[in-house]
Number of protein chains: 2
Amino acid sequence: MFKRILYPTDFSDVSKKALDYIKQLKEGGAKEVIVLHVIDEREIESIHRASAYVSYEKEVEKIIKENAEEQTGLIEAELKKSGFDVKIRIEKGIPFRDILRVEKEEAVSVIVVGSHGKSNIEEMFLGSVSEKVIRKCKRPVLVIKR
Amino acid sequence: MFKRILYPTDFSDVSKKALDYIKQLKEGGAKEVIVLHVIDEREIESIHRASAYVSYEKEVEKIIKENAEEQTGLIEAELKKSGFDVKIRIEKGIPFRDILRVEKEEAVSVIVVGSHGKSNIEEMFLGSVSEKVIRKCKRPVLVIKR
């Protein structure tokens, strides 16, 4: 029922908090965690538009990707230490869409998300990516609040 | 982390499905379930407005309450069989408000809700009570989809 967890993360504080809950689900039968980070292609595009030098654009995209690899690597190590099988997926796209796509592709049992992403706006009760995922996903979703 | 579960239910199919997930959380450290049913005072009022006889109004409210007691009784028996401590609360009020009030009063660890209530409208991705609870609750919330 909680066997295969999809854990989409943008490396925000709330999504880090979600990791502790994932570990607790181990006792509830969780075996594998798909750690998913979606690099927002719209952010990359806006960097492209803002940058005057082609070489600079590519450099930024490379740095973003390397950072994602480093951060997911740390999560992988932490989850493996807790006895999970771990699969890392770094995608480039529109976060909520790719989360829903990977939900299907990986046939997950449950999704664990933070209520807010990096743009943690005080007035908002729910981040926009989380909201769309909660609305449209097919599997149960555990929402960790900030 | 999942020790004390708040389970708000309107006895809909989706909220019954949520029971299976609660049972699974037993292995994840869950000990007690607060089963909460809120009788919507607005429904009672509309019955009052529609009814011509005072005696009839009271009868309807009594039937609704007895039905809630019977249904929560069945849930209690099922959860006790799975080894949970169970507390039943039947409240009269506005569902989402009372769910949030009980969340605080009972200092729960997690809320488990169905994505839709009895008015399970095909086009809606999320029922209005569930949506308000997900937005405003303080604790993590596990949303079971229809």
# chains A, B, ... in the order shown; residues from 1 in each chain; ligands from 1

call {"tool": "residues_around", "arguments": {"residues": "B:Asp40", "least_positions_apart": "4", "cutoff": "8 Å", "atoms": "only C-alpha atoms", "output": "count of residues only"}}
result
5

call {"tool": "residues_around", "arguments": {"residues": "stretch 109-111 of chain B", "least_positions_apart": "3", "cutoff": "9 Å", "atoms": "only C-alpha atoms", "output": "list in words"}}
result
Met1, Phe2, Lys3, Arg4, Ile5, Leu6, Tyr7, Pro8, Glu103, Cys137, Arg139, Pro140, Val141, Leu142 and Val143 of chain B

call {"tool": "closest_atom_pairs", "arguments": {"of": "chain A", "to": "chain B", "cutoff": "8 Å", "atoms": "only C-alpha atoms", "output": "Markdown table"}}
result
| residue | atom | partner | partner_atom | distance |
| --- | --- | --- | --- | --- |
| A:Met1 | CA | B:Tyr21 | CA | 7.2 |
| A:Tyr21 | CA | B:Met1 | CA | 7.2 |
| A:Gln24 | CA | B:Gly28 | CA | 6.0 |
| A:Leu25 | CA | B:Gly28 | CA | 5.6 |
| A:Lys26 | CA | B:Gly28 | CA | 7.1 |
| A:Glu27 | CA | B:Gly28 | CA | 4.6 |
| A:Gly28 | CA | B:Gly28 | CA | 4.3 |
| A:Gly29 | CA | B:Glu27 | CA | 7.6 |
| A:Phe125 | CA | B:Arg135 | CA | 5.1 |
| A:Leu126 | CA | B:Arg135 | CA | 5.8 |
| A:Ile134 | CA | B:Val143 | CA | 7.9 |
| A:Arg135 | CA | B:Phe125 | CA | 5.1 |
| A:Lys136 | CA | B:Phe125 | CA | 6.4 |
| A:Lys138 | CA | B:Lys145 | CA | 6.4 |
| A:Arg139 | CA | B:Lys145 | CA | 6.3 |
| A:Pro140 | CA | B:Ile144 | CA | 4.5 |
| A:Val141 | CA | B:Val143 | CA | 5.2 |
| A:Leu142 | CA | B:Leu142 | CA | 4.1 |
| A:Val143 | CA | B:Val141 | CA | 5.2 |
| A:Ile144 | CA | B:Pro140 | CA | 4.5 |
| A:Lys145 | CA | B:Pro140 | CA | 5.6 |

call {"tool": "write_last_selection", "arguments": {"atoms": "N, CA, C and O atoms", "output": "PDB file, in the first residue's frame"}}
result
ATOM      1  N   MET A   1       0.814  -1.206   0.000  1.00  0.00           N
ATOM      2  CA  MET A   1       0.000   0.000   0.000  1.00  0.00           C
ATOM      3  C   MET A   1       0.865   1.281   0.000  1.00  0.00           C
ATOM      4  O   MET A   1       0.484   2.310  -0.519  1.00  0.00           O
ATOM      5  N   TYR A  21       9.149  11.599   7.050  1.00  0.00           N
ATOM      6  CA  TYR A  21       7.916  10.818   6.977  1.00  0.00           C
ATOM      7  C   TYR A  21       8.093   9.595   6.083  1.00  0.00           C
ATOM      8  O   TYR A  21       7.547   8.538   6.352  1.00  0.00           O
ATOM      9  N   GLN A  24       9.602   6.906   8.030  1.00  0.00           N
ATOM     10  CA  GLN A  24       8.637   6.276   8.935  1.00  0.00           C
ATOM     11  C   GLN A  24       7.755   5.277   8.186  1.00  0.00           C
ATOM     12  O   GLN A  24       7.330   4.275   8.753  1.00  0.00           O
ATOM     13  N   LEU A  25       7.515   5.537   6.909  1.00  0.00           N
ATOM     14  CA  LEU A  25       6.680   4.624   6.115  1.00  0.00           C
ATOM     15  C   LEU A  25       7.381   3.292   5.852  1.00  0.00           C
ATOM     16  O   LEU A  25       6.748   2.326   5.438  1.00  0.00           O
ATOM     17  N   LYS A  26       8.673   3.243   6.112  1.00  0.00           N
ATOM     18  CA  LYS A  26       9.422   1.986   5.985  1.00  0.00           C
ATOM     19  C   LYS A  26       8.747   0.888   6.805  1.00  0.00           C
ATOM     20  O   LYS A  26       8.577  -0.234   6.337  1.00  0.00           O
ATOM     21  N   GLU A  27       8.368   1.233   8.018  1.00  0.00           N
ATOM     22  CA  GLU A  27       7.714   0.253   8.900  1.00  0.00           C
ATOM     23  C   GLU A  27       6.321  -0.119   8.375  1.00  0.00           C
ATOM     24  O   GLU A  27       5.805  -1.174   8.692  1.00  0.00           O
ATOM     25  N   GLY A  28       5.738   0.780   7.601  1.00  0.00           N
ATOM     26  CA  GLY A  28       4.418   0.531   7.025  1.00  0.00           C
ATOM     27  C   GLY A  28       4.487  -0.219   5.700  1.00  0.00           C
ATOM     28  O   GLY A  28       3.504  -0.287   4.978  1.00  0.00           O
ATOM     29  N   GLY A  29       5.659  -0.748   5.368  1.00  0.00           N
ATOM     30  CA  GLY A  29       5.785  -1.595   4.181  1.00  0.00           C
ATOM     31  C   GLY A  29       6.469  -0.948   2.980  1.00  0.00           C
ATOM     32  O   GLY A  29       6.545  -1.564   1.919  1.00  0.00           O
ATOM     33  N   PHE A 125      -1.608  29.042   1.262  1.00  0.00           N
ATOM     34  CA  PHE A 125      -1.778  27.850   2.082  1.00  0.00           C
ATOM     35  C   PHE A 125      -1.152  26.631   1.431  1.00  0.00           C
ATOM     36  O   PHE A 125      -0.811  25.670   2.081  1.00  0.00           O
ATOM     37  N   LEU A 126      -1.040  26.701   0.102  1.00  0.00           N
ATOM     38  CA  LEU A 126      -0.574  25.544  -0.640  1.00  0.00           C
ATOM     39  C   LEU A 126       0.185  26.045  -1.862  1.00  0.00           C
ATOM     40  O   LEU A 126      -0.287  26.945  -2.549  1.00  0.00           O
ATOM     41  N   ILE A 134      -1.874  17.321  -6.076  1.00  0.00           N
ATOM     42  CA  ILE A 134      -2.913  16.765  -5.196  1.00  0.00           C
ATOM     43  C   ILE A 134      -4.226  16.601  -5.962  1.00  0.00           C
ATOM     44  O   ILE A 134      -4.911  15.595  -5.856  1.00  0.00           O
ATOM     45  N   ARG A 135      -4.563  17.597  -6.770  1.00  0.00           N
ATOM     46  CA  ARG A 135      -5.816  17.543  -7.527  1.00  0.00           C
ATOM     47  C   ARG A 135      -5.819  16.429  -8.556  1.00  0.00           C
ATOM     48  O   ARG A 135      -6.797  15.722  -8.715  1.00  0.00           O
ATOM     49  N   LYS A 136      -4.715  16.284  -9.271  1.00  0.00           N
ATOM     50  CA  LYS A 136      -4.771  15.457 -10.475  1.00  0.00           C
ATOM     51  C   LYS A 136      -4.121  14.083 -10.355  1.00  0.00           C
ATOM     52  O   LYS A 136      -4.262  13.267 -11.264  1.00  0.00           O
ATOM     53  N   LYS A 138      -3.399  10.216  -9.256  1.00  0.00           N
ATOM     54  CA  LYS A 138      -4.323   9.085  -9.146  1.00  0.00           C
ATOM     55  C   LYS A 138      -4.133   8.338  -7.826  1.00  0.00           C
ATOM     56  O   LYS A 138      -5.041   7.692  -7.326  1.00  0.00           O
ATOM     57  N   ARG A 139      -2.920   8.359  -7.315  1.00  0.00           N
ATOM     58  CA  ARG A 139      -2.586   7.584  -6.121  1.00  0.00           C
ATOM     59  C   ARG A 139      -2.759   8.454  -4.879  1.00  0.00           C
ATOM     60  O   ARG A 139      -2.855   9.677  -4.984  1.00  0.00           O
ATOM     61  N   PRO A 140      -2.782   7.834  -3.698  1.00  0.00           N
ATOM     62  CA  PRO A 140      -2.863   8.638  -2.468  1.00  0.00           C
ATOM     63  C   PRO A 140      -1.656   9.555  -2.362  1.00  0.00           C
ATOM     64  O   PRO A 140      -0.578   9.229  -2.869  1.00  0.00           O
ATOM     65  N   VAL A 141      -1.861  10.693  -1.722  1.00  0.00           N
ATOM     66  CA  VAL A 141      -0.758  11.642  -1.591  1.00  0.00           C
ATOM     67  C   VAL A 141      -0.663  12.118  -0.137  1.00  0.00           C
ATOM     68  O   VAL A 141      -1.664  12.504   0.466  1.00  0.00           O
ATOM     69  N   LEU A 142       0.537  11.997   0.406  1.00  0.00           N
ATOM     70  CA  LEU A 142       0.787  12.466   1.771  1.00  0.00           C
ATOM     71  C   LEU A 142       1.406  13.857   1.660  1.00  0.00           C
ATOM     72  O   LEU A 142       2.485  14.020   1.090  1.00  0.00           O
ATOM     73  N   VAL A 143       0.684  14.845   2.184  1.00  0.00           N
ATOM     74  CA  VAL A 143       1.128  16.233   2.078  1.00  0.00           C
ATOM     75  C   VAL A 143       1.751  16.664   3.405  1.00  0.00           C
ATOM     76  O   VAL A 143       1.079  16.654   4.436  1.00  0.00           O
ATOM     77  N   ILE A 144       3.022  17.019   3.376  1.00  0.00           N
ATOM     78  CA  ILE A 144       3.704  17.474   4.583  1.00  0.00           C
ATOM     79  C   ILE A 144       3.649  18.996   4.617  1.00  0.00           C
ATOM     80  O   ILE A 144       4.032  19.657   3.641  1.00  0.00           O
ATOM     81  N   LYS A 145       3.151  19.559   5.714  1.00  0.00           N
ATOM     82  CA  LYS A 145       2.969  21.003   5.813  1.00  0.00           C
ATOM     83  C   LYS A 145       4.260  21.685   6.284  1.00  0.00           C
ATOM     84  O   LYS A 145       5.057  21.088   6.996  1.00  0.00           O
TER      85      LYS A 145
END

call {"tool": "residues_around", "arguments": {"residues": "B:Lys87", "least_positions_apart": "4", "cutoff": "9 Å", "atoms": "only C-alpha atoms", "output": "MDAnalysis selection string"}}
result
chainID B and resid 32:36 76

call {"tool": "residues_around", "arguments": {"residues": "B:Ile63", "least_positions_apart": "6", "cutoff": "12 Å", "atoms": "only C-alpha atoms", "output": "list in words"}}
result
Ile39, Ile44, Tyr56, Glu57, Glu69 and Glu70 of chain B

call {"tool": "residues_around", "arguments": {"residues": "B:Glu78", "least_positions_apart": "3", "cutoff": "12 Å", "atoms": "only C-alpha atoms", "output": "mmCIF file with all heavy atoms, in the first residue's frame"}}
result
data_model
loop_
_atom_site.group_PDB
_atom_site.id
_atom_site.type_symbol
_atom_site.label_atom_id
_atom_site.label_comp_id
_atom_site.auth_asym_id
_atom_site.auth_seq_id
_atom_site.Cartn_x
_atom_site.Cartn_y
_atom_site.Cartn_z
ATOM 1 N N LYS B 16 -14.329 5.468 3.096
ATOM 2 C CA LYS B 16 -14.200 4.053 3.522
ATOM 3 C C LYS B 16 -12.880 3.461 3.019
ATOM 4 O O LYS B 16 -12.220 2.687 3.724
ATOM 5 C CB LYS B 16 -15.391 3.231 3.034
ATOM 6 C CG LYS B 16 -16.584 3.356 3.988
ATOM 7 C CD LYS B 16 -17.817 2.673 3.447
ATOM 8 C CE LYS B 16 -19.040 3.082 4.294
ATOM 9 N NZ LYS B 16 -20.293 2.872 3.562
ATOM 10 N N LEU B 19 -9.895 3.942 5.207
ATOM 11 C CA LEU B 19 -9.730 3.040 6.365
ATOM 12 C C LEU B 19 -8.619 2.010 6.142
ATOM 13 O O LEU B 19 -7.874 1.686 7.065
ATOM 14 C CB LEU B 19 -11.031 2.288 6.625
ATOM 15 C CG LEU B 19 -11.925 2.755 7.771
ATOM 16 C CD1 LEU B 19 -13.059 1.767 7.968
ATOM 17 C CD2 LEU B 19 -11.137 2.922 9.073
ATOM 18 N N ASP B 20 -8.539 1.496 4.920
ATOM 19 C CA ASP B 20 -7.514 0.492 4.613
ATOM 20 C C ASP B 20 -6.111 1.069 4.778
ATOM 21 O O ASP B 20 -5.191 0.379 5.206
ATOM 22 C CB ASP B 20 -7.683 -0.030 3.180
ATOM 23 C CG ASP B 20 -8.987 -0.801 3.023
ATOM 24 O OD1 ASP B 20 -9.432 -1.419 4.000
ATOM 25 O OD2 ASP B 20 -9.560 -0.768 1.919
ATOM 26 N N ILE B 22 -5.346 3.562 6.796
ATOM 27 C CA ILE B 22 -5.138 3.751 8.237
ATOM 28 C C ILE B 22 -4.613 2.451 8.851
ATOM 29 O O ILE B 22 -3.652 2.457 9.620
ATOM 30 C CB ILE B 22 -6.451 4.202 8.915
ATOM 31 C CG1 ILE B 22 -6.763 5.641 8.502
ATOM 32 C CG2 ILE B 22 -6.354 4.071 10.435
ATOM 33 C CD1 ILE B 22 -8.074 6.174 9.016
ATOM 34 N N LYS B 23 -5.235 1.346 8.464
ATOM 35 C CA LYS B 23 -4.796 0.047 9.010
ATOM 36 C C LYS B 23 -3.326 -0.203 8.681
ATOM 37 O O LYS B 23 -2.573 -0.732 9.491
ATOM 38 C CB LYS B 23 -5.662 -1.082 8.448
ATOM 39 C CG LYS B 23 -7.072 -1.095 9.029
ATOM 40 C CD LYS B 23 -7.857 -2.259 8.451
ATOM 41 C CE LYS B 23 -9.343 -2.058 8.618
ATOM 42 N NZ LYS B 23 -10.112 -2.925 7.673
ATOM 43 N N VAL B 33 -6.897 6.143 16.744
ATOM 44 C CA VAL B 33 -7.624 6.833 15.684
ATOM 45 C C VAL B 33 -8.777 7.626 16.294
ATOM 46 O O VAL B 33 -9.571 7.083 17.063
ATOM 47 C CB VAL B 33 -8.174 5.846 14.627
ATOM 48 C CG1 VAL B 33 -8.846 6.615 13.483
ATOM 49 C CG2 VAL B 33 -7.072 4.946 14.079
ATOM 50 N N VAL B 35 -12.023 9.040 15.256
ATOM 51 C CA VAL B 35 -12.985 8.991 14.157
ATOM 52 C C VAL B 35 -13.954 10.157 14.346
ATOM 53 O O VAL B 35 -14.631 10.241 15.369
ATOM 54 C CB VAL B 35 -13.762 7.650 14.164
ATOM 55 C CG1 VAL B 35 -14.770 7.619 13.017
ATOM 56 C CG2 VAL B 35 -12.806 6.462 14.091
ATOM 57 N N GLN B 71 -22.949 4.121 12.223
ATOM 58 C CA GLN B 71 -21.841 4.017 11.254
ATOM 59 C C GLN B 71 -20.474 4.152 11.938
ATOM 60 O O GLN B 71 -19.546 3.415 11.621
ATOM 61 C CB GLN B 71 -21.985 5.123 10.192
ATOM 62 C CG GLN B 71 -23.293 5.019 9.414
ATOM 63 C CD GLN B 71 -23.053 4.708 7.949
ATOM 64 O OE1 GLN B 71 -22.176 3.902 7.607
ATOM 65 N NE2 GLN B 71 -23.817 5.320 7.090
ATOM 66 N N THR B 72 -20.363 5.109 12.856
ATOM 67 C CA THR B 72 -19.076 5.247 13.560
ATOM 68 C C THR B 72 -18.817 4.024 14.438
ATOM 69 O O THR B 72 -17.673 3.630 14.637
ATOM 70 C CB THR B 72 -19.026 6.531 14.416
ATOM 71 O OG1 THR B 72 -20.192 6.597 15.229
ATOM 72 C CG2 THR B 72 -18.927 7.784 13.564
ATOM 73 N N GLY B 73 -19.913 3.417 14.950
ATOM 74 C CA GLY B 73 -19.780 2.194 15.752
ATOM 75 C C GLY B 73 -19.146 1.063 14.941
ATOM 76 O O GLY B 73 -18.275 0.337 15.435
ATOM 77 N N LEU B 74 -19.571 0.942 13.688
ATOM 78 C CA LEU B 74 -19.015 -0.101 12.806
ATOM 79 C C LEU B 74 -17.525 0.154 12.543
ATOM 80 O O LEU B 74 -16.704 -0.763 12.558
ATOM 81 C CB LEU B 74 -19.772 -0.133 11.473
ATOM 82 C CG LEU B 74 -21.236 -0.605 11.528
ATOM 83 C CD1 LEU B 74 -21.918 -0.396 10.181
ATOM 84 C CD2 LEU B 74 -21.308 -2.078 11.946
ATOM 85 N N ILE B 75 -17.190 1.432 12.316
ATOM 86 C CA ILE B 75 -15.788 1.795 12.070
ATOM 87 C C ILE B 75 -14.947 1.509 13.312
ATOM 88 O O ILE B 75 -13.844 0.962 13.233
ATOM 89 C CB ILE B 75 -15.684 3.296 11.677
ATOM 90 C CG1 ILE B 75 -16.379 3.528 10.327
ATOM 91 C CG2 ILE B 75 -14.220 3.746 11.617
ATOM 92 C CD1 ILE B 75 -16.596 4.996 9.981
ATOM 93 N N LYS B 81 -10.526 -4.127 16.044
ATOM 94 C CA LYS B 81 -10.106 -5.464 15.616
ATOM 95 C C LYS B 81 -8.665 -5.424 15.083
ATOM 96 O O LYS B 81 -7.917 -6.393 15.197
ATOM 97 C CB LYS B 81 -11.058 -5.989 14.544
ATOM 98 C CG LYS B 81 -11.359 -7.471 14.682
ATOM 99 C CD LYS B 81 -12.533 -7.900 13.832
ATOM 100 C CE LYS B 81 -12.206 -7.876 12.350
ATOM 101 N NZ LYS B 81 -13.399 -8.217 11.525
ATOM 102 N N SER B 82 -8.295 -4.281 14.482
ATOM 103 C CA SER B 82 -6.924 -4.119 13.975
ATOM 104 C C SER B 82 -5.951 -3.655 15.054
ATOM 105 O O SER B 82 -4.788 -3.370 14.766
ATOM 106 C CB SER B 82 -6.910 -3.111 12.822
ATOM 107 O OG SER B 82 -7.711 -3.560 11.762
ATOM 108 N N GLY B 83 -6.437 -3.530 16.291
ATOM 109 C CA GLY B 83 -5.538 -3.228 17.400
ATOM 110 C C GLY B 83 -5.376 -1.754 17.741
ATOM 111 O O GLY B 83 -4.490 -1.374 18.505
ATOM 112 N N PHE B 84 -6.236 -0.901 17.190
ATOM 113 C CA PHE B 84 -6.157 0.536 17.478
ATOM 114 C C PHE B 84 -6.957 0.902 18.734
ATOM 115 O O PHE B 84 -7.994 0.302 19.015
ATOM 116 C CB PHE B 84 -6.760 1.345 16.318
ATOM 117 C CG PHE B 84 -5.883 1.459 15.108
ATOM 118 C CD1 PHE B 84 -6.141 0.694 13.984
ATOM 119 C CD2 PHE B 84 -4.818 2.338 15.095
ATOM 120 C CE1 PHE B 84 -5.337 0.798 12.846
ATOM 121 C CE2 PHE B 84 -4.017 2.450 13.964
ATOM 122 C CZ PHE B 84 -4.272 1.673 12.844
ATOM 123 N N ASP B 85 -6.477 1.912 19.446
ATOM 124 C CA ASP B 85 -7.355 2.621 20.377
ATOM 125 C C ASP B 85 -8.224 3.536 19.525
ATOM 126 O O ASP B 85 -7.731 4.130 18.561
ATOM 127 C CB ASP B 85 -6.530 3.476 21.349
ATOM 128 C CG ASP B 85 -5.677 2.607 22.258
ATOM 129 O OD1 ASP B 85 -6.077 1.465 22.521
ATOM 130 O OD2 ASP B 85 -4.603 3.083 22.687
ATOM 131 N N VAL B 86 -9.495 3.647 19.890
ATOM 132 C CA VAL B 86 -10.410 4.435 19.056
ATOM 133 C C VAL B 86 -11.192 5.427 19.915
ATOM 134 O O VAL B 86 -11.636 5.100 21.016
ATOM 135 C CB VAL B 86 -11.414 3.519 18.304
ATOM 136 C CG1 VAL B 86 -12.322 4.346 17.395
ATOM 137 C CG2 VAL B 86 -10.682 2.463 17.492
#

call {"tool": "select_by_dssp", "arguments": {"residues": "chain B", "states": "strand (DSSP E or B)", "output": "VMD selection string"}}
result
chain B and resid 4 to 8 32 to 40 85 to 93 110 to 114 141 to 144

call {"tool": "atom_distance", "arguments": {"atom1": "atom CA of B:His116", "atom2": "atom CA of B:Val14"}}
result
6.4 Å

call {"tool": "select_by_dssp", "arguments": {"residues": "stretch 23-97 of chain A", "states": "alpha helix (DSSP H)", "output": "ChimeraX atom specification"}}
result
/A:23-25,41-50,54-81,95-97

call {"tool": "atom_distance", "arguments": {"atom1": "atom CA of B:Ile99", "atom2": "atom CA of B:His37"}}
result
8.7 Å

call {"tool": "atom_distance", "arguments": {"atom1": "atom CA of A:Ala77", "atom2": "atom CA of A:Lys65"}}
result
18.3 Å

call {"tool": "decode", "arguments": {"residues": "stretch 27-69 of chain B", "atoms": "C-alpha atoms", "output": "PDB file, in the first residue's frame"}}
result
ATOM      1  CA  GLU B  27       2.888  -0.886  11.150  1.00  0.00           C
ATOM      2  CA  GLY B  28       4.242   2.647  10.791  1.00  0.00           C
ATOM      3  CA  GLY B  29       3.597   3.356  14.475  1.00  0.00           C
ATOM      4  CA  ALA B  30      -0.058   4.429  14.539  1.00  0.00           C
ATOM      5  CA  LYS B  31      -1.741   3.700  17.879  1.00  0.00           C
ATOM      6  CA  GLU B  32      -4.959   5.689  18.127  1.00  0.00           C
ATOM      7  CA  VAL B  33      -7.624   6.833  15.684  1.00  0.00           C
ATOM      8  CA  ILE B  34      -9.960   9.739  16.336  1.00  0.00           C
ATOM      9  CA  VAL B  35     -12.985   8.991  14.157  1.00  0.00           C
ATOM     10  CA  LEU B  36     -14.777  12.266  13.504  1.00  0.00           C
ATOM     11  CA  HIS B  37     -18.134  12.755  11.871  1.00  0.00           C
ATOM     12  CA  VAL B  38     -19.468  16.284  11.558  1.00  0.00           C
ATOM     13  CA  ILE B  39     -23.218  16.591  11.043  1.00  0.00           C
ATOM     14  CA  ASP B  40     -23.524  19.604   8.774  1.00  0.00           C
ATOM     15  CA  GLU B  41     -25.636  22.154  10.657  1.00  0.00           C
ATOM     16  CA  ARG B  42     -26.538  23.796   7.353  1.00  0.00           C
ATOM     17  CA  GLU B  43     -28.209  20.576   6.208  1.00  0.00           C
ATOM     18  CA  ILE B  44     -30.153  20.390   9.450  1.00  0.00           C
ATOM     19  CA  GLU B  45     -31.217  24.009   9.014  1.00  0.00           C
ATOM     20  CA  SER B  46     -32.419  23.396   5.494  1.00  0.00           C
ATOM     21  CA  ILE B  47     -34.481  20.466   6.739  1.00  0.00           C
ATOM     22  CA  HIS B  48     -35.899  22.798   9.373  1.00  0.00           C
ATOM     23  CA  ARG B  49     -36.778  25.390   6.777  1.00  0.00           C
ATOM     24  CA  ALA B  50     -38.367  22.794   4.496  1.00  0.00           C
ATOM     25  CA  SER B  51     -40.391  21.070   7.174  1.00  0.00           C
ATOM     26  CA  ALA B  52     -43.812  22.299   8.223  1.00  0.00           C
ATOM     27  CA  TYR B  53     -44.021  20.340  11.488  1.00  0.00           C
ATOM     28  CA  VAL B  54     -41.757  20.900  14.478  1.00  0.00           C
ATOM     29  CA  SER B  55     -42.080  17.288  15.580  1.00  0.00           C
ATOM     30  CA  TYR B  56     -40.899  16.086  12.183  1.00  0.00           C
ATOM     31  CA  GLU B  57     -37.762  18.268  12.234  1.00  0.00           C
ATOM     32  CA  LYS B  58     -36.645  16.830  15.539  1.00  0.00           C
ATOM     33  CA  GLU B  59     -37.315  13.333  14.311  1.00  0.00           C
ATOM     34  CA  VAL B  60     -35.084  13.851  11.259  1.00  0.00           C
ATOM     35  CA  GLU B  61     -32.233  15.236  13.351  1.00  0.00           C
ATOM     36  CA  LYS B  62     -32.548  12.252  15.698  1.00  0.00           C
ATOM     37  CA  ILE B  63     -32.426   9.820  12.755  1.00  0.00           C
ATOM     38  CA  ILE B  64     -29.322  11.543  11.343  1.00  0.00           C
ATOM     39  CA  LYS B  65     -27.606  11.334  14.719  1.00  0.00           C
ATOM     40  CA  GLU B  66     -28.547   7.682  15.250  1.00  0.00           C
ATOM     41  CA  ASN B  67     -27.295   6.826  11.793  1.00  0.00           C
ATOM     42  CA  ALA B  68     -23.974   8.570  12.559  1.00  0.00           C
ATOM     43  CA  GLU B  69     -23.674   6.609  15.802  1.00  0.00           C
TER      44      GLU B  69
END
